[in-house]
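Visitor: What follows is the file work-v4.cif, containing mmCIF, C-alpha atoms:
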```cif
data_data
#
loop_
_atom_site.group_PDB
_atom_site.id
_atom_site.type_symbol
_atom_site.label_atom_id
_atom_site.label_comp_id
_atom_site.auth_asym_id
_atom_site.auth_seq_id
_atom_site.Cartn_x
_atom_site.Cartn_y
_atom_site.Cartn_z
ATOM 1 C CA MET A 1 -89.246 -64.897 62.089
ATOM 2 C CA GLY A 2 -86.100 -63.270 63.489
ATOM 3 C CA THR A 3 -86.206 -59.540 64.049
ATOM 4 C CA LEU A 4 -83.315 -58.851 61.682
ATOM 5 C CA ILE A 5 -85.019 -60.879 58.948
ATOM 6 C CA MET A 6 -88.242 -58.943 59.578
ATOM 7 C CA ALA A 7 -86.376 -55.631 59.276
ATOM 8 C CA ILE A 8 -84.678 -56.691 56.042
ATOM 9 C CA THR A 9 -88.010 -57.938 54.666
ATOM 10 C CA SER A 10 -89.660 -54.618 55.484
ATOM 11 C CA VAL A 11 -86.867 -52.713 53.740
ATOM 12 C CA ILE A 12 -87.078 -54.928 50.645
ATOM 13 C CA ILE A 13 -90.845 -54.451 50.486
ATOM 14 C CA SER A 14 -90.412 -50.680 50.796
ATOM 15 C CA VAL A 15 -87.858 -50.614 47.979
ATOM 16 C CA ALA A 16 -90.252 -52.630 45.808
ATOM 17 C CA ALA A 17 -92.953 -50.088 46.677
ATOM 18 C CA GLN A 18 -90.732 -47.223 45.476
ATOM 19 C CA PHE A 19 -90.118 -48.868 42.129
ATOM 20 C CA ALA A 20 -93.813 -49.724 41.733
ATOM 21 C CA LEU A 21 -94.737 -46.092 42.419
ATOM 22 C CA LYS A 22 -92.069 -44.914 39.961
ATOM 23 C CA SER A 23 -93.467 -47.254 37.296
ATOM 24 C CA GLY A 24 -96.953 -45.935 37.869
ATOM 25 C CA MET A 25 -95.939 -42.297 37.795
ATOM 26 C CA SER A 26 -93.887 -42.907 34.638
ATOM 27 C CA SER A 27 -96.751 -44.567 32.778
ATOM 28 C CA MET A 28 -98.137 -42.859 29.697
ATOM 29 C CA GLU A 29 -101.635 -42.373 31.136
ATOM 30 C CA VAL A 30 -100.319 -40.715 34.293
ATOM 31 C CA LYS A 31 -97.874 -38.525 32.361
ATOM 32 C CA GLU A 32 -100.693 -37.491 30.048
ATOM 33 C CA ALA A 33 -102.975 -36.664 32.981
ATOM 34 C CA LEU A 34 -100.207 -34.655 34.652
ATOM 35 C CA SER A 35 -99.612 -32.649 31.479
ATOM 36 C CA GLN A 36 -103.143 -31.251 31.755
ATOM 37 C CA PRO A 37 -104.427 -28.793 34.370
ATOM 38 C CA ALA A 38 -104.915 -30.557 37.715
ATOM 39 C CA THR A 39 -108.441 -31.837 38.145
ATOM 40 C CA LEU A 40 -110.230 -34.607 39.975
ATOM 41 C CA ARG A 41 -109.609 -36.741 36.878
ATOM 42 C CA THR A 42 -105.844 -36.295 37.335
ATOM 43 C CA ILE A 43 -106.060 -37.639 40.872
ATOM 44 C CA LEU A 44 -108.267 -40.536 39.787
ATOM 45 C CA VAL A 45 -105.900 -41.495 36.956
ATOM 46 C CA ILE A 46 -103.002 -41.582 39.410
ATOM 47 C CA LEU A 47 -104.845 -43.384 42.215
ATOM 48 C CA THR A 48 -106.302 -46.032 39.904
ATOM 49 C CA ASN A 49 -103.005 -46.864 38.199
ATOM 50 C CA LYS A 50 -102.189 -50.506 38.966
ATOM 51 C CA PHE A 51 -98.548 -49.742 39.783
ATOM 52 C CA VAL A 52 -99.446 -46.861 42.098
ATOM 53 C CA ILE A 53 -101.991 -49.080 43.850
ATOM 54 C CA SER A 54 -99.373 -51.848 44.104
ATOM 55 C CA GLY A 55 -96.867 -49.399 45.560
ATOM 56 C CA PHE A 56 -99.311 -48.283 48.246
ATOM 57 C CA VAL A 57 -100.213 -51.890 49.064
ATOM 58 C CA LEU A 58 -96.540 -52.793 49.333
ATOM 59 C CA TYR A 59 -95.896 -49.813 51.623
ATOM 60 C CA GLY A 60 -98.781 -50.937 53.809
ATOM 61 C CA LEU A 61 -97.433 -54.472 53.972
ATOM 62 C CA GLY A 62 -93.942 -53.189 54.737
ATOM 63 C CA ALA A 63 -95.358 -51.029 57.535
ATOM 64 C CA VAL A 64 -97.116 -54.034 59.086
ATOM 65 C CA VAL A 65 -93.853 -56.006 59.041
ATOM 66 C CA TRP A 66 -92.043 -52.973 60.469
ATOM 67 C CA LEU A 67 -94.480 -52.902 63.401
ATOM 68 C CA GLY A 68 -93.207 -56.352 64.307
ATOM 69 C CA VAL A 69 -89.643 -55.012 64.292
ATOM 70 C CA LEU A 70 -90.577 -52.062 66.499
ATOM 71 C CA SER A 71 -92.292 -54.369 68.973
ATOM 72 C CA ARG A 72 -88.968 -56.135 69.573
ATOM 73 C CA TRP A 73 -86.226 -53.520 69.094
ATOM 74 C CA ASP A 74 -85.576 -49.951 70.181
ATOM 75 C CA VAL A 75 -86.319 -47.430 67.465
ATOM 76 C CA SER A 76 -82.731 -46.168 67.714
ATOM 77 C CA LYS A 77 -81.522 -49.630 66.693
ATOM 78 C CA ALA A 78 -84.229 -50.452 64.158
ATOM 79 C CA TYR A 79 -84.590 -47.247 62.194
ATOM 80 C CA PRO A 80 -81.008 -46.987 60.920
ATOM 81 C CA LEU A 81 -81.608 -50.327 59.170
ATOM 82 C CA VAL A 82 -83.941 -48.434 56.866
ATOM 83 C CA GLY A 83 -80.701 -47.039 55.415
ATOM 84 C CA MET A 84 -80.167 -50.434 53.788
ATOM 85 C CA GLY A 85 -82.950 -49.402 51.458
ATOM 86 C CA PHE A 86 -80.676 -46.745 49.963
ATOM 87 C CA GLY A 87 -78.133 -49.378 48.997
ATOM 88 C CA LEU A 88 -80.719 -51.780 47.650
ATOM 89 C CA THR A 89 -82.394 -49.002 45.683
ATOM 90 C CA VAL A 90 -79.108 -48.071 44.012
ATOM 91 C CA ILE A 91 -78.447 -51.705 43.110
ATOM 92 C CA VAL A 92 -81.916 -52.155 41.619
ATOM 93 C CA GLY A 93 -81.583 -48.792 39.879
ATOM 94 C CA LEU A 94 -78.350 -49.918 38.262
ATOM 95 C CA LEU A 95 -79.975 -53.170 37.166
ATOM 96 C CA ILE A 96 -82.789 -51.314 35.407
ATOM 97 C CA GLY A 97 -80.475 -48.815 33.730
ATOM 98 C CA GLU A 98 -80.591 -45.765 35.979
ATOM 99 C CA GLN A 99 -77.492 -43.560 35.957
ATOM 100 C CA ILE A 100 -75.666 -43.643 39.297
ATOM 101 C CA THR A 101 -72.992 -41.005 39.791
ATOM 102 C CA ILE A 102 -69.810 -41.622 41.760
ATOM 103 C CA SER A 103 -70.841 -39.099 44.425
ATOM 104 C CA ARG A 104 -74.214 -40.831 44.838
ATOM 105 C CA ALA A 105 -72.531 -44.225 45.115
ATOM 106 C CA ILE A 106 -70.078 -42.907 47.731
ATOM 107 C CA GLY A 107 -72.905 -41.322 49.722
ATOM 108 C CA VAL A 108 -74.900 -44.538 49.709
ATOM 109 C CA ALA A 109 -71.805 -46.533 50.708
ATOM 110 C CA LEU A 110 -71.322 -44.214 53.695
ATOM 111 C CA ILE A 111 -74.942 -44.739 54.711
ATOM 112 C CA CYS A 112 -74.465 -48.509 54.501
ATOM 113 C CA VAL A 113 -71.323 -48.325 56.642
ATOM 114 C CA GLY A 114 -73.324 -46.378 59.203
ATOM 115 C CA VAL A 115 -76.019 -49.054 59.189
ATOM 116 C CA VAL A 116 -73.403 -51.733 59.886
ATOM 117 C CA VAL A 117 -71.938 -49.694 62.753
ATOM 118 C CA VAL A 118 -75.364 -49.159 64.329
ATOM 119 C CA GLY A 119 -76.313 -52.780 63.776
ATOM 120 C CA ARG A 120 -73.287 -53.954 65.731
ATOM 121 C CA SER A 121 -74.051 -51.688 68.691
#
```
Rewrite the structure of this file - the entire thing - as structure tokens.
Guide:
Amino acid sequence: MGTLIMAITSVIISVAAQFALKSGMSSMEVKEALSQPATLRTILVILTNKFVISGFVLYGLGAVVWLGVLSRWDVSKAYPLVGMGFGLTVIVGLLIGEQITISRAIGVALICVGVVVVGRS
């Protein structure tokens, strides 16, 4: 697999992990547990939520793919590509109904421009 494809794959997996974690933390059982005083039960409810578990698994998988990227590219070239995740996250957020302000969209666009500039260096 090409290094650029590996980097993009890692970013996509990480974005999926974020949305899985958000789903888990937004679930009724987790919200209910968080509304109570923090106890061991609260932690167990969170850590046994299927979406939270999925998010952690996805992050782990993304990290393994990212190791392949780091074995081939300098960190100074590879890491800015993580900025693509900001753009992808906004797009997915829009698709699921999140409110995206103009200032947030402009900020993310600037990050994406920076990623392109670094990628061409």
Visitor: Give me the residues within 7 Å of Val108 in chain A as a PDB file with C-alpha atoms, in the coordinates of the input, counting only C-alpha atoms and dropping any in the same chain fewer than 4 places off.
Guide:
```
ATOM      1  CA  PHE A  86     -80.676 -46.745  49.963  1.00  0.00           C
ATOM      2  CA  GLY A  87     -78.133 -49.378  48.997  1.00  0.00           C
ATOM      3  CA  ARG A 104     -74.214 -40.831  44.838  1.00  0.00           C
ATOM      4  CA  CYS A 112     -74.465 -48.509  54.501  1.00  0.00           C
TER       5      CYS A 112
END
```
Visitor: For the provided coordinates, the residues matched by the PyMOL selection byres ((chain A and resi 9-13) around 8) should be stated as a ChimeraX atom specification.
Guide: /A:5-8,14-17,58-59,61-63,65-66,81-82,84-85,88
Visitor: Give as a ChimeraX atom specification the residues that the PyMOL selection byres ((chain A and resi 116) around 12) matches when applied to the coordinates above.
Guide: /A:77-78,80-84,109-115,117-121
Visitor: I'd like the interatomic distance between CA of Met25 in chain A and CA of Ser103 in chain A, to a tenth of an Å.
Guide: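 Taking CA of Met25 in chain A and CA of Ser103 in chain A, their separation equals 26.2 Å.
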Visitor: Quick one, how far is CA of Glu32 in chain A from CA of Leu47 in chain A?
Guide: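 Atom-to-atom, CA of Glu32 in chain A and CA of Leu47 in chain A are spaced 14.1 Å apart.
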Visitor: Any chance you could build range 67-95 of chain A out to N, CA and C atoms and write it as a PDB file, keeping the file's coordinate frame?
Guide:
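The new file selection.pdb reads:
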```pdb
ATOM      1  N   LEU A  67     -93.895 -52.930  62.058  1.00  0.00           N
ATOM      2  CA  LEU A  67     -94.480 -52.902  63.401  1.00  0.00           C
ATOM      3  C   LEU A  67     -93.957 -54.060  64.240  1.00  0.00           C
ATOM      4  N   GLY A  68     -93.779 -55.209  63.599  1.00  0.00           N
ATOM      5  CA  GLY A  68     -93.207 -56.352  64.307  1.00  0.00           C
ATOM      6  C   GLY A  68     -91.784 -56.073  64.764  1.00  0.00           C
ATOM      7  N   VAL A  69     -91.018 -55.375  63.930  1.00  0.00           N
ATOM      8  CA  VAL A  69     -89.643 -55.012  64.292  1.00  0.00           C
ATOM      9  C   VAL A  69     -89.661 -54.068  65.494  1.00  0.00           C
ATOM     10  N   LEU A  70     -90.515 -53.051  65.425  1.00  0.00           N
ATOM     11  CA  LEU A  70     -90.577 -52.062  66.499  1.00  0.00           C
ATOM     12  C   LEU A  70     -91.063 -52.661  67.820  1.00  0.00           C
ATOM     13  N   SER A  71     -91.824 -53.737  67.733  1.00  0.00           N
ATOM     14  CA  SER A  71     -92.292 -54.369  68.973  1.00  0.00           C
ATOM     15  C   SER A  71     -91.170 -55.109  69.689  1.00  0.00           C
ATOM     16  N   ARG A  72     -90.070 -55.354  69.000  1.00  0.00           N
ATOM     17  CA  ARG A  72     -88.968 -56.135  69.573  1.00  0.00           C
ATOM     18  C   ARG A  72     -87.682 -55.337  69.792  1.00  0.00           C
ATOM     19  N   TRP A  73     -87.476 -54.283  69.019  1.00  0.00           N
ATOM     20  CA  TRP A  73     -86.226 -53.520  69.094  1.00  0.00           C
ATOM     21  C   TRP A  73     -86.506 -52.063  69.424  1.00  0.00           C
ATOM     22  N   ASP A  74     -85.507 -51.398  69.996  1.00  0.00           N
ATOM     23  CA  ASP A  74     -85.576 -49.951  70.181  1.00  0.00           C
ATOM     24  C   ASP A  74     -85.591 -49.281  68.813  1.00  0.00           C
ATOM     25  N   VAL A  75     -86.275 -48.173  68.723  1.00  0.00           N
ATOM     26  CA  VAL A  75     -86.319 -47.430  67.465  1.00  0.00           C
ATOM     27  C   VAL A  75     -84.912 -47.002  67.055  1.00  0.00           C
ATOM     28  N   SER A  76     -84.086 -46.629  68.027  1.00  0.00           N
ATOM     29  CA  SER A  76     -82.731 -46.168  67.714  1.00  0.00           C
ATOM     30  C   SER A  76     -81.873 -47.270  67.105  1.00  0.00           C
ATOM     31  N   LYS A  77     -82.232 -48.521  67.332  1.00  0.00           N
ATOM     32  CA  LYS A  77     -81.522 -49.630  66.693  1.00  0.00           C
ATOM     33  C   LYS A  77     -82.182 -49.999  65.366  1.00  0.00           C
ATOM     34  N   ALA A  78     -83.493 -49.994  65.335  1.00  0.00           N
ATOM     35  CA  ALA A  78     -84.229 -50.452  64.158  1.00  0.00           C
ATOM     36  C   ALA A  78     -84.176 -49.460  63.001  1.00  0.00           C
ATOM     37  N   TYR A  79     -84.415 -48.201  63.291  1.00  0.00           N
ATOM     38  CA  TYR A  79     -84.590 -47.247  62.194  1.00  0.00           C
ATOM     39  C   TYR A  79     -83.366 -47.082  61.303  1.00  0.00           C
ATOM     40  N   PRO A  80     -82.154 -47.089  61.837  1.00  0.00           N
ATOM     41  CA  PRO A  80     -81.008 -46.987  60.920  1.00  0.00           C
ATOM     42  C   PRO A  80     -80.960 -48.101  59.876  1.00  0.00           C
ATOM     43  N   LEU A  81     -81.587 -49.247  60.153  1.00  0.00           N
ATOM     44  CA  LEU A  81     -81.608 -50.327  59.170  1.00  0.00           C
ATOM     45  C   LEU A  81     -82.380 -49.940  57.910  1.00  0.00           C
ATOM     46  N   VAL A  82     -83.228 -48.945  58.038  1.00  0.00           N
ATOM     47  CA  VAL A  82     -83.941 -48.434  56.866  1.00  0.00           C
ATOM     48  C   VAL A  82     -82.936 -47.923  55.839  1.00  0.00           C
ATOM     49  N   GLY A  83     -81.760 -47.501  56.305  1.00  0.00           N
ATOM     50  CA  GLY A  83     -80.701 -47.039  55.415  1.00  0.00           C
ATOM     51  C   GLY A  83     -80.258 -48.095  54.417  1.00  0.00           C
ATOM     52  N   MET A  84     -80.487 -49.372  54.749  1.00  0.00           N
ATOM     53  CA  MET A  84     -80.167 -50.434  53.788  1.00  0.00           C
ATOM     54  C   MET A  84     -80.961 -50.254  52.507  1.00  0.00           C
ATOM     55  N   GLY A  85     -82.114 -49.639  52.630  1.00  0.00           N
ATOM     56  CA  GLY A  85     -82.950 -49.402  51.458  1.00  0.00           C
ATOM     57  C   GLY A  85     -82.258 -48.526  50.429  1.00  0.00           C
ATOM     58  N   PHE A  86     -81.422 -47.588  50.890  1.00  0.00           N
ATOM     59  CA  PHE A  86     -80.676 -46.745  49.963  1.00  0.00           C
ATOM     60  C   PHE A  86     -79.761 -47.600  49.092  1.00  0.00           C
ATOM     61  N   GLY A  87     -79.042 -48.503  49.737  1.00  0.00           N
ATOM     62  CA  GLY A  87     -78.133 -49.378  48.997  1.00  0.00           C
ATOM     63  C   GLY A  87     -78.864 -50.280  48.028  1.00  0.00           C
ATOM     64  N   LEU A  88     -79.941 -50.884  48.502  1.00  0.00           N
ATOM     65  CA  LEU A  88     -80.719 -51.780  47.650  1.00  0.00           C
ATOM     66  C   LEU A  88     -81.345 -51.022  46.480  1.00  0.00           C
ATOM     67  N   THR A  89     -81.791 -49.814  46.743  1.00  0.00           N
ATOM     68  CA  THR A  89     -82.394 -49.002  45.683  1.00  0.00           C
ATOM     69  C   THR A  89     -81.369 -48.671  44.596  1.00  0.00           C
ATOM     70  N   VAL A  90     -80.154 -48.358  45.001  1.00  0.00           N
ATOM     71  CA  VAL A  90     -79.108 -48.071  44.012  1.00  0.00           C
ATOM     72  C   VAL A  90     -78.805 -49.315  43.186  1.00  0.00           C
ATOM     73  N   ILE A  91     -78.728 -50.460  43.837  1.00  0.00           N
ATOM     74  CA  ILE A  91     -78.447 -51.705  43.110  1.00  0.00           C
ATOM     75  C   ILE A  91     -79.553 -51.998  42.100  1.00  0.00           C
ATOM     76  N   VAL A  92     -80.799 -51.910  42.540  1.00  0.00           N
ATOM     77  CA  VAL A  92     -81.916 -52.155  41.619  1.00  0.00           C
ATOM     78  C   VAL A  92     -81.917 -51.105  40.512  1.00  0.00           C
ATOM     79  N   GLY A  93     -81.654 -49.856  40.886  1.00  0.00           N
ATOM     80  CA  GLY A  93     -81.583 -48.792  39.879  1.00  0.00           C
ATOM     81  C   GLY A  93     -80.547 -49.086  38.808  1.00  0.00           C
ATOM     82  N   LEU A  94     -79.383 -49.540  39.229  1.00  0.00           N
ATOM     83  CA  LEU A  94     -78.350 -49.918  38.262  1.00  0.00           C
ATOM     84  C   LEU A  94     -78.828 -51.038  37.349  1.00  0.00           C
ATOM     85  N   LEU A  95     -79.504 -52.017  37.938  1.00  0.00           N
ATOM     86  CA  LEU A  95     -79.975 -53.170  37.166  1.00  0.00           C
ATOM     87  C   LEU A  95     -81.014 -52.785  36.109  1.00  0.00           C
TER      88      LEU A  95
END
```
